[in-house]
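Before any comments, here is the structure.
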Amino acid sequence: MTTRLRQKASDSPRPRPPTADLPVVLLVGIVLGLLLVQGVAAAPAAPIVVAASDSSAAADAHYVCDGLNDQVEIQTALAALPDGGTILLSDGTFNCSGSLVLLAGTTLLGQGPENTSLEFSGNGLLNVSEEGVTLDGFHVTGSNYVNASTNTTLDLTRWLGVITVYASRTKIHNVTGTADASIQAVFLLLHNPNVYAPVLEDVEFADCSAAETGTYGFLHNAWGSENTTIKNIRYENCTAINCGSAGAFNQWVTGFNFAELNDIEGLRVTDCLAEGNLESGFHFEWDPEKRDCLFTNCVSRNNGQKPYPDDYLVGDPDFFGAGFYLPGGEVALVNCRAEGNGAFGFFVINPEGMLLYNCTENETGRNSASGGSVGPISYCILQSLPVSKNPSIVMDHCRSLDSYGWGLFVCGTENALIRNFTMTNPAGIDGIGAMLGCPSHELPINSTIDAGISDSAIDLAASGDRPQTLVSIVNNRNVVYSGRIVSDALLPVAVEWTLEGGADLTDLEVLPAGGAA
């Protein structure tokens with residue numbers, strides 16, 4: 001196969017308070033003043049209620065929409081808010097043929113995604129361009145976006161979302177959405193210096209979902225050349241499901257894309273799900289820098305719905321098909337799962353201090369539409385350039401279960417530390433269950449690395465006999481192996497040519513299946 005390329009209390013008497021010597025009248029005045037101030041702080045202004053045309057709450061609303069250009073009534077209500085106020089949307093559907101712009105510190109609050117819906121058309125968007133905004137409890141739909149001057153699909157160089165967040169300190173809770181293929185994303189974080197020049201940071205998504213879309217679910221991007229690092233973004237219990245199933249904005253639609261043209265720092269993704277998306281479930285682009293990114297308890301299932309290209313090469317940047325697509329950077333995955341993804345469970349290239357801990361892959365390639373001799377890879381670790389971190393990657397207590405291809409592929413990789421890796425019953429590719437190393441002519445394209453694996457340690461427990469060779473060790477330099485191979489395969493472990501220092505197999509035990517302890 002050819003490869004390419006987150007003081008103890010004092011016992012002394014108490015001192016007299018400074019108010020003890022004040023006149024009684026003055027003291028009472030101070031206390032009353034404090035109570036008044038506290039009373040004002042404790043009683044925020046009541047929400048302004050906006051009712052949809054089909055809502056039963058119209059009689060009690062401050063503004064009632066007529067079902068046409070409903071953004072006008074909502075925007076008027078926003079303009080009437082005191083600082084930090086709340087717009088309370090009724091149940092029902094709000095038809096918005098233009099955009100809504102949220103003011104600083106305001107809250108847009110619905111009755112829950114199943115009850116309140118904002119349907120955008122006519123290039124209408126929900127824009128957050130000032131700080132401290134909260135969106136909570138509604139559903140959004142976006143469709144039929146066109147370029148007003150040409151009556152064609154929006155300019156592909158302009159990345160917009162049905163909900164577009166430009167400004168920092170934004171909270172988006174319990175919001176769901178969908179969109180057709182005429183816009184770039186359902187939820188978009190965009191650094192646009194013409195709208196909001198400071199660093200875009202401190203944005204929180206909780207209990208949000210993008211589903212059944214023709215475009216990206218969650219997307220980060222940046223325009224311009226300054227402050228293009230998006231920082232301290234949090235996702236909790238969010239889902240991206242079947243993004244790219246309703247057509248496709250482009251051929252690379254993913255569920256979550258955290259770094260398109262932006263660098264990313266301080267990303268936290270917890271208890272999130274990506275399922276059934278056209279390309280990757282969780283994705284970073286190649287060139288951006290990734291620093292301090294942590295995924296915890298995330299699941300990526302059945303992604304890579306796009307068929308393999310006819311001329312596909314492993315690591316081709318024009319095809320992802322992965323549960324987790326991780327090209328470089330400081331990224332850590334803890335307790336994450338990849339299930340049934342098309343091409344890769346976990347794809348890693350040029351890792352710079354990457355960590356995969358207690359991660360599990362299951363049945364990668366189960367539903368893939370690959371052609372020729374191409375096959376899926378559960379854990380794919382490629383390196384084409386020297387990296388500064390040692391170890392470059394740590395995999396600890398990770399598992400590959402019932403892979404439809406290679407359970408593990410490590411190629412062109414330096415300073416890798418793989419510990420307690422379990423591989424069970426891989427189908428294999430070309431008769432091989434795991435490929436540890438690669439011949440020099442199959443190193444990633446433009447590689448400056450001359451060995452399949454070098455200066456690394458690999459500890460594994462592998463079993464299965466579907467391929468004729470369970471583990472193939474090729475072109476290694478100074479690699480120490482340990483663990484146990486249990487297999488009735490024709491050749492459980494095969495070692496081909498090695499470089500200086502070779503492959504040390506002293507602590508690697510090989511047993512037939514019937515002879516296992």
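Each chain in the structure tokens gets a letter, A, B and so on, in the order shown; residues start at 1 in every chain, and ligands are counted from 1 in the order they appear.
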
For this session: Skip segment 222-238 of chain A itself and residues of its chain fewer than 3 positions away, then list as number ranges by chain all residues within 6 Å of it, counting only C-alpha atoms.
Result: A: 190-192, 199-209, 261-272

Generate the output file for the selected residues, N, CA and C atoms, as a short mmCIF file (atom, residue, chain, number, x, y, z; two decimals), in the first residue's frame.
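Contents of result.cif, as written:
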data_model
loop_
_atom_site.label_atom_id
_atom_site.label_comp_id
_atom_site.auth_asym_id
_atom_site.auth_seq_id
_atom_site.Cartn_x
_atom_site.Cartn_y
_atom_site.Cartn_z
N LEU A 190 -16.18 32.46 13.61
CA LEU A 190 -15.41 33.12 12.55
C LEU A 190 -14.72 34.36 13.09
N HIS A 191 -13.39 34.36 13.01
CA HIS A 191 -12.66 35.60 13.29
C HIS A 191 -12.64 36.43 12.01
N ASN A 192 -13.41 37.53 12.02
CA ASN A 192 -13.43 38.48 10.90
C ASN A 192 -13.00 39.83 11.45
N VAL A 199 -8.95 38.88 19.61
CA VAL A 199 -8.94 37.42 19.56
C VAL A 199 -10.33 36.89 19.89
N LEU A 200 -10.79 35.94 19.09
CA LEU A 200 -12.07 35.28 19.37
C LEU A 200 -11.80 34.19 20.40
N GLU A 201 -12.43 34.32 21.58
CA GLU A 201 -12.14 33.37 22.66
C GLU A 201 -13.32 33.24 23.61
N ASP A 202 -13.25 32.21 24.44
CA ASP A 202 -14.23 31.95 25.49
C ASP A 202 -15.64 31.83 24.92
N VAL A 203 -15.82 30.80 24.11
CA VAL A 203 -17.13 30.48 23.55
C VAL A 203 -17.51 29.08 24.01
N GLU A 204 -18.76 28.93 24.43
CA GLU A 204 -19.19 27.67 25.03
C GLU A 204 -20.42 27.13 24.32
N PHE A 205 -20.31 25.89 23.85
CA PHE A 205 -21.44 25.16 23.30
C PHE A 205 -21.81 24.04 24.28
N ALA A 206 -23.09 23.96 24.65
CA ALA A 206 -23.53 22.87 25.52
C ALA A 206 -24.88 22.38 25.04
N ASP A 207 -25.00 21.07 24.89
CA ASP A 207 -26.25 20.43 24.47
C ASP A 207 -26.74 20.97 23.13
N CYS A 208 -25.83 21.16 22.21
CA CYS A 208 -26.17 21.65 20.87
C CYS A 208 -26.05 20.53 19.85
N SER A 209 -26.79 20.67 18.76
CA SER A 209 -26.78 19.61 17.76
C SER A 209 -26.97 20.18 16.37
N LEU A 261 -8.90 27.69 8.60
CA LEU A 261 -7.78 28.59 8.35
C LEU A 261 -7.27 29.20 9.64
N ASN A 262 -7.91 28.94 10.74
CA ASN A 262 -7.51 29.45 12.05
C ASN A 262 -6.61 28.48 12.78
N ASP A 263 -5.73 29.02 13.63
CA ASP A 263 -5.06 28.20 14.62
C ASP A 263 -6.01 28.02 15.80
N ILE A 264 -5.77 27.00 16.62
CA ILE A 264 -6.67 26.71 17.74
C ILE A 264 -5.86 26.43 18.99
N GLU A 265 -6.31 26.99 20.13
CA GLU A 265 -5.60 26.83 21.40
C GLU A 265 -6.61 26.76 22.54
N GLY A 266 -6.43 25.80 23.42
CA GLY A 266 -7.30 25.69 24.59
C GLY A 266 -8.68 25.15 24.24
N LEU A 267 -8.73 24.15 23.37
CA LEU A 267 -9.99 23.53 22.97
C LEU A 267 -10.35 22.40 23.93
N ARG A 268 -11.63 22.35 24.38
CA ARG A 268 -12.11 21.27 25.23
C ARG A 268 -13.39 20.71 24.62
N VAL A 269 -13.36 19.43 24.30
CA VAL A 269 -14.51 18.76 23.70
C VAL A 269 -14.85 17.56 24.58
N THR A 270 -16.03 17.56 25.18
CA THR A 270 -16.38 16.57 26.19
C THR A 270 -17.73 15.95 25.90
N ASP A 271 -17.79 14.63 25.91
CA ASP A 271 -19.05 13.89 25.76
C ASP A 271 -19.79 14.27 24.47
N CYS A 272 -19.05 14.40 23.40
CA CYS A 272 -19.65 14.78 22.11
C CYS A 272 -19.69 13.59 21.16
#

Problem set entry | Polymer residues at most 6 Å from segment 456-470 of chain A, only C-alpha atoms, same-chain spacing of 3 or more positions, as a ChimeraX atom specification | /A:415-425,427-428,431-433,479-492

For this session: Pick out the residues sitting within 10 Å of Gly217 of chain A, and hand them over as a PyMOL selection string; count only C-alpha atoms, and ignore anything fewer than 3 positions along from it in its own chain.
Result: chain A and resi 161+177-179+184-188+209-214+239-244+253-257+274+277+281

Exercise. Neighbours of Thr164 of chain A within 12 Å (only C-alpha atoms; same-chain residues fewer than 4 positions away dropped), as a ChimeraX atom specification?
Worked result: /A:99-102,124-130,135,140,142,159-160,168,170,172,183-192,195,203,218-221

Exercise. Contacts of Lys290 of chain A at 10 Å or less, counting only C-alpha atoms, minus same-chain residues fewer than 2 places along, as JSON, numbers by chain?
Worked result: {"A": [6, 229, 258, 259, 262, 263, 264, 265, 266, 267, 284, 285, 286, 287, 288, 292, 293, 326, 327, 328, 329, 330, 331, 352]}

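Backbone DSSP over segment 31-246 of chain A gives alpha helix (DSSP H) for Val31, Leu32, Gly33, Leu34, Leu35, Leu36, Val37, Gln38, Gly39, Val40, Ala41, Ala42, Asp70, Gln71, Val72, Glu73, Ile74, Gln75, Thr76, Ala77, Leu78 and Ala79 of chain A.
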
For this session: Write out as an NGL selection string each polymer residue whose atoms come within 8 Å of Asp180 of chain A, counting only C-alpha atoms; drop sequence neighbours fewer than 4 positions from it.
Result: :A and (142-144 or 213-215 or 246-249)

Problem set entry | Residue among A:Val495, A:Val162, A:Leu508, A:Ala322 lying closest to Lys306 of chain A, counting only C-alpha atoms | A:Ala322

For this session: Could you jot down the atom CA of Arg366 of chain A to atom CA of Ala332 of chain A separation for me, Å, one decimal place?
Result: 25.7 Å

Exercise. Could you pull out the strand (DSSP E) residues of segment 57-192 of chain A from DSSP and send them as a ChimeraX atom specification?
Worked result: /A:63-64,86-89,92-96,100-102,107-109,116-120,126-128,134-142,161-165,170-179,185-191

Exercise. Quick one: distance from atom CA of Ser182 of chain A to atom CA of Glu114 of chain A in Å, one decimal?
Worked result: 24.2 Å
